[in-house]
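Student: Once you've had a glance at the structure underneath, I'll fire off some questions.
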Amino acid sequence: MSHTGSRSAALWREAQDLLPGGVNSPVRAFKAVGGTPVFFERGEGAYLFDVDGNRYVDLVCSWGPLILGHAHPNVVQAATRAIENGSSFGAPSPLELDLARKVIAMVPSIEQVRFVNSGTEAVMSAIRLARAATGRDVIVKFDGCYHGHGDSLLVAAGSGALTLGVPDSPGVPKALAALTAVLPYNDAPAVEQFFAQRGHEIACVIVEPVAANMGVVPPRLGFLETLRRVCDASGALLIFDEVMTGFRVAAGGAQELYGVRPDLTTLSKILGGGFPSGAYGGRRDLMARMSPSGPVYQAGTLSGNPAVMAAGAATLATLAQKKPWEALDAQGAKLEQGLADAFRSAGVPLTVTRVGSMGTAFFMGDEASDFAAVKRADTARFGRYHGLMLERGVYLPPSQFEAWFLSTAHDDAAIDHVLAAARESALVLAKG
Ligand code: PMP
């Protein structure tokens with residue numbers, strides 16, 4: 001069943017001829033939910049407008065970056081002003097220092113930062129640095145966590161890889177994959193056991209401090225602390241991938257919220273205010289190993305791009321001034337409660353997870369505590385729900401295993417619209 005208008009449908013036909021699978025990033029293709037993708041023309045605040053003139057409450061927010069909503073005037077103005085002065089210099093500009101100062105001030109563990117162009121690039125660079133600093137090759141990641149599409153990381157990855165059922169992509173050399181150990185998320189005893197055996201070989205542990213690429217799975221009490229402890233004991237580095245959580249779950253991200261300090265942090269999304277961005281940062285002695293102050297090579301033609309820096313700095317400045325995290329949490333709680341109520345009264349099992357303004361509604365009765373648990377969610381039912389919500393003007397992430405995000409523009413009217421649509425959809429789903 002398709003809920004897509006005629007212009008979207010025509011564009012989708014053409015897209016499949018021009019782009020592999022019709023898209024530039026797999027999960028956009030709606031393969032996990034059925035129907036055909038919607039083509040958008042414009043975003044404003046909490047809303048997206050498609051090419052057929054339909055309006056949607058946007059719960060994707062570009063997969064996290066748009067914490068201020070679409071086209072926030074501060075961001076638009078800052079980026080426009082930057083572009084008017086030239087789109088790229090390939091040389092230093094004060095805008096880089098402005099964003100660096102803000103990142104260092106907000107994120108507790110970052111003393112020095114390097115800007116790159118995507119989350120994938122940030123993670124690849126941080127891993128290279130960890131391997132160089134420790135002289136070890138093995139990295140540890142967790143089941144269902146996604147850290148971009150770098151070769152070493154495309155092993156038991158979540159997000160699009162999970163949705164499409166290709167956790168190990170063809171083209172990833174076996175020799176590299178063999179250096180990535182995958183442990184169950186939220187399983188502290190499994191981590192302790194692995195480190196007892198192989199701790200001396202491990203360069204780093206990389207983790208989403210709030211897992212969000214298997215749907216949102218918050219860390220169990222003590223899990224992040226265990227990671228810190230085993231890393232310290234074995235000489236491995238701890239990397240928090242805060243691409244999703246950075247600046248979202250608190251000013252200083254998950255490391256502030258949970259009070260655990262990683263050695264290195266990767267950032268993207270909110271960092272660039274909706275422009276292609278990324279960064280990795282951490283202890284000064286570690287960052288000093290990066291070229292040109294040290295021997296570890298990493299570079300980028302467009303890194304520190306003025307429009308990106310300006311949009312990011314405007315976003316972080318607006319956040320620092322508004323301090324919206326409590327209000328975002330309150331809106332998130334309202335959405336969580338409303339969804340739970342709607343499906344409970346309809347008699348449809350649903351488990352909602354949430355940390356502040358990010359969350360997931362899993363179609364299952366069990367606790368969403370780890371990857372094994374969330375895999376039991378009813379993905380066919382989610383697909384139907386997605387279509388029903390789309391028909392009712394709500395744009396949800398097109399996969400059961402992704403997070404919804406709220407922005408400061410998601411006011412009561414936007415949340416009430418989502419909940420009204422959810423109540424109707426729940427009743428339709430209850431009928432089977
Ligand atoms: N790490 C995490 C935690 C992510 O969620 C993502 C993307 N959603 C990435 C890394 C990769 O970022 P990008 O898509 O910008 O390469």
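Ordering of the structure tokens sets the chain letters (A, B, ...); residue numbers start at 1 within each chain; ligands are numbered from 1 in the order shown.
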What's the 12 Å shell around Gly235 (chain A), counting only C-alpha atoms, without same-chain residues fewer than 2 positions away, as a PyMOL selection string?

Tutor: chain A and resi 130-131+133-136+195+198-205+227-233+237-238+263

Student: At a cut-off of 6 Å around ligand 1, and using only C-alpha atoms and all ligand atoms, what residues come up? Please write them as a list of chain:residue names.

Tutor: A:Ser118, A:Gly119, A:Thr120, A:Tyr146, A:His147, A:Gly148, A:Glu208, A:Asp241, A:Val243, A:Met244

Student: Would you output that residue set with N, CA, C and O atoms, as a PDB file, in the first residue's frame?

Tutor:
ATOM      1  N   SER A 118      31.811  13.749   8.416  1.00  0.00           N
ATOM      2  CA  SER A 118      30.683  12.846   8.694  1.00  0.00           C
ATOM      3  C   SER A 118      30.980  12.067   9.966  1.00  0.00           C
ATOM      4  O   SER A 118      32.130  12.034  10.446  1.00  0.00           O
ATOM      5  N   GLY A 119      29.944  11.400  10.463  1.00  0.00           N
ATOM      6  CA  GLY A 119      30.124  10.537  11.627  1.00  0.00           C
ATOM      7  C   GLY A 119      31.040   9.371  11.305  1.00  0.00           C
ATOM      8  O   GLY A 119      31.887   8.980  12.117  1.00  0.00           O
ATOM      9  N   THR A 120      30.868   8.818  10.132  1.00  0.00           N
ATOM     10  CA  THR A 120      31.713   7.699   9.696  1.00  0.00           C
ATOM     11  C   THR A 120      33.182   8.086   9.755  1.00  0.00           C
ATOM     12  O   THR A 120      34.021   7.347  10.284  1.00  0.00           O
ATOM     13  N   TYR A 146      25.754   0.966  15.743  1.00  0.00           N
ATOM     14  CA  TYR A 146      26.251   1.377  14.424  1.00  0.00           C
ATOM     15  C   TYR A 146      27.222   2.524  14.622  1.00  0.00           C
ATOM     16  O   TYR A 146      26.955   3.457  15.391  1.00  0.00           O
ATOM     17  N   HIS A 147      28.340   2.429  13.928  1.00  0.00           N
ATOM     18  CA  HIS A 147      29.345   3.487  14.050  1.00  0.00           C
ATOM     19  C   HIS A 147      29.793   3.959  12.666  1.00  0.00           C
ATOM     20  O   HIS A 147      30.968   4.239  12.453  1.00  0.00           O
ATOM     21  N   GLY A 148      28.865   4.014  11.726  1.00  0.00           N
ATOM     22  CA  GLY A 148      29.228   4.407  10.373  1.00  0.00           C
ATOM     23  C   GLY A 148      29.671   3.194   9.576  1.00  0.00           C
ATOM     24  O   GLY A 148      29.675   2.072  10.068  1.00  0.00           O
ATOM     25  N   GLU A 208      27.979   3.184  21.636  1.00  0.00           N
ATOM     26  CA  GLU A 208      26.966   4.238  21.686  1.00  0.00           C
ATOM     27  C   GLU A 208      26.506   4.276  23.145  1.00  0.00           C
ATOM     28  O   GLU A 208      25.861   3.323  23.604  1.00  0.00           O
ATOM     29  N   ASP A 241      30.815   6.970  21.107  1.00  0.00           N
ATOM     30  CA  ASP A 241      30.298   7.486  19.845  1.00  0.00           C
ATOM     31  C   ASP A 241      29.039   8.287  20.181  1.00  0.00           C
ATOM     32  O   ASP A 241      27.962   7.717  20.374  1.00  0.00           O
ATOM     33  N   VAL A 243      27.637  10.546  18.257  1.00  0.00           N
ATOM     34  CA  VAL A 243      27.077  11.126  17.032  1.00  0.00           C
ATOM     35  C   VAL A 243      25.588  11.427  17.219  1.00  0.00           C
ATOM     36  O   VAL A 243      25.096  12.475  16.796  1.00  0.00           O
ATOM     37  N   MET A 244      24.863  10.525  17.866  1.00  0.00           N
ATOM     38  CA  MET A 244      23.433  10.727  18.136  1.00  0.00           C
ATOM     39  C   MET A 244      23.204  11.539  19.417  1.00  0.00           C
ATOM     40  O   MET A 244      22.360  12.415  19.468  1.00  0.00           O
TER      41      MET A 244
END

Student: Looking at A:Ala426, A:Thr315, A:Arg392, A:Phe371, which one is nearest to Arg344 (chain A), with distances taken over only C-alpha atoms?

Tutor: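 Among A:Ala426, A:Thr315, A:Arg392, A:Phe371, it is A:Ala426 that comes nearest to Arg344 (chain A).
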
Student: Quick one: distance from CA of Gly215 (chain A) to CA of Gly144 (chain A) in Å, one decimal?

Tutor: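 Atom-to-atom, CA of Gly215 (chain A) to CA of Gly144 (chain A), that is 9.0 Å.
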
Student: Once DSSP has gone over the backbone, tell me which residues of region 74-134 of chain A are in strand (DSSP E), as an MDAnalysis selection string.

Tutor: chainID A and resid 112:116

Student: Name all residues at most 7 Å from Val38 (chain A) (count only C-alpha atoms; drop same-chain ones fewer than 5 positions away) and give them as a list in words.

Tutor: Thr4, Ser8 and Asp50 of chain A

Student: May I ask which of the residues A:Leu388, A:Trp404, A:Pro306, A:Arg248 is the closest one to Gly86 (chain A), counting only C-alpha atoms?

Tutor: A:Pro306

Student: Counting only C-alpha atoms, which of A:Ala342, A:Val394, A:Ala313, A:Leu406 gets nearest to Leu328 (chain A)?

Tutor: A:Leu406

Student: Just the residues within 9 Å of region 66-75 of chain A, please, counting only C-alpha atoms, with nothing from its chain fewer than 2 positions along; format it as a PDB file with N, CA, C and O atoms, in the first residue's frame.

Tutor:
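To be explicit, this is the file written out as result_19.pdb:
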ATOM      1  N   ARG A  42      10.427  21.096   1.546  1.00  0.00           N
ATOM      2  CA  ARG A  42      10.647  22.179   2.492  1.00  0.00           C
ATOM      3  C   ARG A  42      10.425  21.694   3.927  1.00  0.00           C
ATOM      4  O   ARG A  42       9.583  20.816   4.157  1.00  0.00           O
ATOM      5  N   GLY A  43      11.204  22.253   4.842  1.00  0.00           N
ATOM      6  CA  GLY A  43      10.977  21.993   6.257  1.00  0.00           C
ATOM      7  C   GLY A  43      10.846  23.305   6.996  1.00  0.00           C
ATOM      8  O   GLY A  43      11.488  24.307   6.637  1.00  0.00           O
ATOM      9  N   GLU A  44       9.988  23.312   8.016  1.00  0.00           N
ATOM     10  CA  GLU A  44       9.819  24.524   8.816  1.00  0.00           C
ATOM     11  C   GLU A  44       9.471  24.112  10.239  1.00  0.00           C
ATOM     12  O   GLU A  44       8.440  23.477  10.473  1.00  0.00           O
ATOM     13  N   GLY A  45      10.343  24.413  11.178  1.00  0.00           N
ATOM     14  CA  GLY A  45      10.087  24.040  12.574  1.00  0.00           C
ATOM     15  C   GLY A  45       9.942  22.534  12.721  1.00  0.00           C
ATOM     16  O   GLY A  45      10.818  21.766  12.346  1.00  0.00           O
ATOM     17  N   ALA A  46       8.793  22.115  13.241  1.00  0.00           N
ATOM     18  CA  ALA A  46       8.547  20.689  13.482  1.00  0.00           C
ATOM     19  C   ALA A  46       7.971  19.983  12.256  1.00  0.00           C
ATOM     20  O   ALA A  46       7.666  18.793  12.319  1.00  0.00           O
ATOM     21  N   TYR A  47       7.814  20.720  11.153  1.00  0.00           N
ATOM     22  CA  TYR A  47       7.051  20.196  10.018  1.00  0.00           C
ATOM     23  C   TYR A  47       7.884  20.036   8.750  1.00  0.00           C
ATOM     24  O   TYR A  47       8.800  20.825   8.479  1.00  0.00           O
ATOM     25  N   LEU A  48       7.509  19.002   7.980  1.00  0.00           N
ATOM     26  CA  LEU A  48       8.051  18.790   6.632  1.00  0.00           C
ATOM     27  C   LEU A  48       6.905  18.914   5.639  1.00  0.00           C
ATOM     28  O   LEU A  48       5.765  18.520   5.944  1.00  0.00           O
ATOM     29  N   ASP A  58       7.443  16.058  11.694  1.00  0.00           N
ATOM     30  CA  ASP A  58       8.666  15.307  11.399  1.00  0.00           C
ATOM     31  C   ASP A  58       9.262  14.745  12.687  1.00  0.00           C
ATOM     32  O   ASP A  58       9.716  15.505  13.549  1.00  0.00           O
ATOM     33  N   VAL A  60      11.761  12.529  12.457  1.00  0.00           N
ATOM     34  CA  VAL A  60      13.086  12.042  12.056  1.00  0.00           C
ATOM     35  C   VAL A  60      14.136  13.134  12.305  1.00  0.00           C
ATOM     36  O   VAL A  60      15.243  12.856  12.767  1.00  0.00           O
ATOM     37  N   CYS A  61      13.744  14.380  12.028  1.00  0.00           N
ATOM     38  CA  CYS A  61      14.654  15.513  12.244  1.00  0.00           C
ATOM     39  C   CYS A  61      16.017  15.260  11.612  1.00  0.00           C
ATOM     40  O   CYS A  61      17.071  15.479  12.247  1.00  0.00           O
ATOM     41  N   SER A  62      15.975  14.758  10.366  1.00  0.00           N
ATOM     42  CA  SER A  62      17.182  14.448   9.613  1.00  0.00           C
ATOM     43  C   SER A  62      18.071  13.433  10.336  1.00  0.00           C
ATOM     44  O   SER A  62      19.277  13.449  10.215  1.00  0.00           O
ATOM     45  N   TRP A  63      17.443  12.556  11.107  1.00  0.00           N
ATOM     46  CA  TRP A  63      18.128  11.504  11.887  1.00  0.00           C
ATOM     47  C   TRP A  63      18.918  12.100  13.042  1.00  0.00           C
ATOM     48  O   TRP A  63      19.947  11.561  13.440  1.00  0.00           O
ATOM     49  N   GLY A  64      18.438  13.224  13.556  1.00  0.00           N
ATOM     50  CA  GLY A  64      19.015  13.748  14.786  1.00  0.00           C
ATOM     51  C   GLY A  64      19.580  15.158  14.770  1.00  0.00           C
ATOM     52  O   GLY A  64      19.530  15.847  15.784  1.00  0.00           O
ATOM     53  N   GLN A  77      20.618  32.099   9.151  1.00  0.00           N
ATOM     54  CA  GLN A  77      21.332  33.376   9.036  1.00  0.00           C
ATOM     55  C   GLN A  77      22.858  33.171   9.105  1.00  0.00           C
ATOM     56  O   GLN A  77      23.597  33.718   8.289  1.00  0.00           O
ATOM     57  N   ALA A  78      23.290  32.347  10.047  1.00  0.00           N
ATOM     58  CA  ALA A  78      24.735  32.122  10.212  1.00  0.00           C
ATOM     59  C   ALA A  78      25.327  31.433   8.977  1.00  0.00           C
ATOM     60  O   ALA A  78      26.395  31.823   8.482  1.00  0.00           O
ATOM     61  N   ALA A  79      24.620  30.423   8.467  1.00  0.00           N
ATOM     62  CA  ALA A  79      25.139  29.688   7.303  1.00  0.00           C
ATOM     63  C   ALA A  79      25.132  30.584   6.071  1.00  0.00           C
ATOM     64  O   ALA A  79      26.081  30.579   5.273  1.00  0.00           O
ATOM     65  N   THR A  80      24.058  31.358   5.906  1.00  0.00           N
ATOM     66  CA  THR A  80      23.952  32.248   4.739  1.00  0.00           C
ATOM     67  C   THR A  80      25.081  33.274   4.742  1.00  0.00           C
ATOM     68  O   THR A  80      25.750  33.492   3.721  1.00  0.00           O
ATOM     69  N   PHE A 247      25.153  16.674  22.509  1.00  0.00           N
ATOM     70  CA  PHE A 247      24.369  17.911  22.605  1.00  0.00           C
ATOM     71  C   PHE A 247      22.864  17.657  22.689  1.00  0.00           C
ATOM     72  O   PHE A 247      22.088  18.589  22.794  1.00  0.00           O
ATOM     73  N   ARG A 248      22.441  16.381  22.617  1.00  0.00           N
ATOM     74  CA  ARG A 248      21.010  16.074  22.621  1.00  0.00           C
ATOM     75  C   ARG A 248      20.503  15.628  23.990  1.00  0.00           C
ATOM     76  O   ARG A 248      19.526  16.173  24.490  1.00  0.00           O
ATOM     77  N   LYS A 269      26.087  15.175  13.407  1.00  0.00           N
ATOM     78  CA  LYS A 269      24.668  15.533  13.549  1.00  0.00           C
ATOM     79  C   LYS A 269      24.456  16.951  14.102  1.00  0.00           C
ATOM     80  O   LYS A 269      24.673  17.908  13.380  1.00  0.00           O
ATOM     81  N   ILE A 270      24.085  17.095  15.386  1.00  0.00           N
ATOM     82  CA  ILE A 270      23.784  18.434  15.924  1.00  0.00           C
ATOM     83  C   ILE A 270      24.992  19.357  15.744  1.00  0.00           C
ATOM     84  O   ILE A 270      24.845  20.558  15.507  1.00  0.00           O
ATOM     85  N   GLY A 273      24.567  21.396  12.711  1.00  0.00           N
ATOM     86  CA  GLY A 273      23.301  22.108  12.522  1.00  0.00           C
ATOM     87  C   GLY A 273      22.552  21.726  11.248  1.00  0.00           C
ATOM     88  O   GLY A 273      21.820  22.540  10.686  1.00  0.00           O
ATOM     89  N   GLY A 274      22.734  20.497  10.781  1.00  0.00           N
ATOM     90  CA  GLY A 274      22.039  20.055   9.570  1.00  0.00           C
ATOM     91  C   GLY A 274      22.918  20.072   8.336  1.00  0.00           C
ATOM     92  O   GLY A 274      22.465  19.723   7.235  1.00  0.00           O
ATOM     93  N   ALA A 310      29.775  27.595  10.843  1.00  0.00           N
ATOM     94  CA  ALA A 310      28.856  28.671  11.242  1.00  0.00           C
ATOM     95  C   ALA A 310      27.507  28.104  11.670  1.00  0.00           C
ATOM     96  O   ALA A 310      26.945  28.525  12.691  1.00  0.00           O
ATOM     97  N   ALA A 311      26.994  27.122  10.909  1.00  0.00           N
ATOM     98  CA  ALA A 311      25.697  26.517  11.267  1.00  0.00           C
ATOM     99  C   ALA A 311      25.812  25.785  12.600  1.00  0.00           C
ATOM    100  O   ALA A 311      24.910  25.854  13.446  1.00  0.00           O
ATOM    101  N   GLY A 312      26.936  25.086  12.796  1.00  0.00           N
ATOM    102  CA  GLY A 312      27.147  24.354  14.042  1.00  0.00           C
ATOM    103  C   GLY A 312      27.270  25.301  15.221  1.00  0.00           C
ATOM    104  O   GLY A 312      26.652  25.089  16.279  1.00  0.00           O
ATOM    105  N   ALA A 313      28.050  26.352  15.042  1.00  0.00           N
ATOM    106  CA  ALA A 313      28.249  27.302  16.142  1.00  0.00           C
ATOM    107  C   ALA A 313      26.928  27.992  16.497  1.00  0.00           C
ATOM    108  O   ALA A 313      26.629  28.204  17.684  1.00  0.00           O
ATOM    109  N   ALA A 314      26.131  28.314  15.482  1.00  0.00           N
ATOM    110  CA  ALA A 314      24.835  28.956  15.756  1.00  0.00           C
ATOM    111  C   ALA A 314      23.926  27.993  16.518  1.00  0.00           C
ATOM    112  O   ALA A 314      23.199  28.403  17.437  1.00  0.00           O
ATOM    113  N   THR A 315      23.977  26.721  16.155  1.00  0.00           N
ATOM    114  CA  THR A 315      23.157  25.721  16.848  1.00  0.00           C
ATOM    115  C   THR A 315      23.596  25.596  18.310  1.00  0.00           C
ATOM    116  O   THR A 315      22.767  25.655  19.226  1.00  0.00           O
ATOM    117  N   THR A 318      22.737  28.669  20.353  1.00  0.00           N
ATOM    118  CA  THR A 318      21.303  28.738  20.666  1.00  0.00           C
ATOM    119  C   THR A 318      20.969  27.761  21.791  1.00  0.00           C
ATOM    120  O   THR A 318      20.197  28.088  22.706  1.00  0.00           O
ATOM    121  N   LEU A 319      21.570  26.564  21.733  1.00  0.00           N
ATOM    122  CA  LEU A 319      21.337  25.573  22.797  1.00  0.00           C
ATOM    123  C   LEU A 319      21.857  26.096  24.136  1.00  0.00           C
ATOM    124  O   LEU A 319      21.183  25.981  25.166  1.00  0.00           O
ATOM    125  N   SER A 357      14.905  13.470  24.463  1.00  0.00           N
ATOM    126  CA  SER A 357      14.136  13.734  23.246  1.00  0.00           C
ATOM    127  C   SER A 357      14.374  12.710  22.150  1.00  0.00           C
ATOM    128  O   SER A 357      14.109  12.976  20.985  1.00  0.00           O
ATOM    129  N   PHE A 405      13.174  11.486  16.951  1.00  0.00           N
ATOM    130  CA  PHE A 405      13.818  12.638  17.589  1.00  0.00           C
ATOM    131  C   PHE A 405      12.833  13.803  17.661  1.00  0.00           C
ATOM    132  O   PHE A 405      12.068  14.033  16.723  1.00  0.00           O
ATOM    133  N   LEU A 406      12.916  14.542  18.759  1.00  0.00           N
ATOM    134  CA  LEU A 406      12.136  15.778  18.869  1.00  0.00           C
ATOM    135  C   LEU A 406      13.080  16.970  18.772  1.00  0.00           C
ATOM    136  O   LEU A 406      14.280  16.855  19.039  1.00  0.00           O
ATOM    137  N   SER A 407      12.502  18.113  18.404  1.00  0.00           N
ATOM    138  CA  SER A 407      13.268  19.355  18.381  1.00  0.00           C
ATOM    139  C   SER A 407      12.578  20.363  19.295  1.00  0.00           C
ATOM    140  O   SER A 407      11.460  20.120  19.779  1.00  0.00           O
ATOM    141  N   THR A 408      13.237  21.491  19.493  1.00  0.00           N
ATOM    142  CA  THR A 408      12.637  22.554  20.319  1.00  0.00           C
ATOM    143  C   THR A 408      11.384  23.126  19.639  1.00  0.00           C
ATOM    144  O   THR A 408      10.607  23.837  20.273  1.00  0.00           O
ATOM    145  N   ALA A 409      11.203  22.823  18.350  1.00  0.00           N
ATOM    146  CA  ALA A 409      10.015  23.313  17.642  1.00  0.00           C
ATOM    147  C   ALA A 409       8.813  22.386  17.825  1.00  0.00           C
ATOM    148  O   ALA A 409       7.705  22.719  17.411  1.00  0.00           O
ATOM    149  N   HIS A 410       9.033  21.201  18.412  1.00  0.00           N
ATOM    150  CA  HIS A 410       7.916  20.276  18.634  1.00  0.00           C
ATOM    151  C   HIS A 410       7.129  20.723  19.861  1.00  0.00           C
ATOM    152  O   HIS A 410       7.392  20.303  20.983  1.00  0.00           O
TER     153      HIS A 410
END

Student: A:Lys141, A:Arg7, A:His149, A:Arg28: which is nearest Leu396 (chain A), counting only C-alpha atoms?

Tutor: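 Among A:Lys141, A:Arg7, A:His149, A:Arg28, it is A:Arg28 that comes nearest to Leu396 (chain A).
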
Student: Of the candidates A:Ala279, A:Ala327, A:Ala373, A:Ala380, which one gets nearest to Gly356 (chain A) if we count only C-alpha atoms?

Tutor: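 Among the listed residues, the smallest separation from Gly356 (chain A) belongs to A:Ala327.
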
Student: As an exercise, work out the distance from CA of Arg55 (chain A) to CA of Val249 (chain A) in Å and give it to one decimal place.

Tutor: 27.6 Å

Student: Using only C-alpha atoms, can you tell me which of A:Lys31, A:Lys322, A:Ser399, A:Val155 comes closest to Leu179 (chain A)?

Tutor: A:Val155
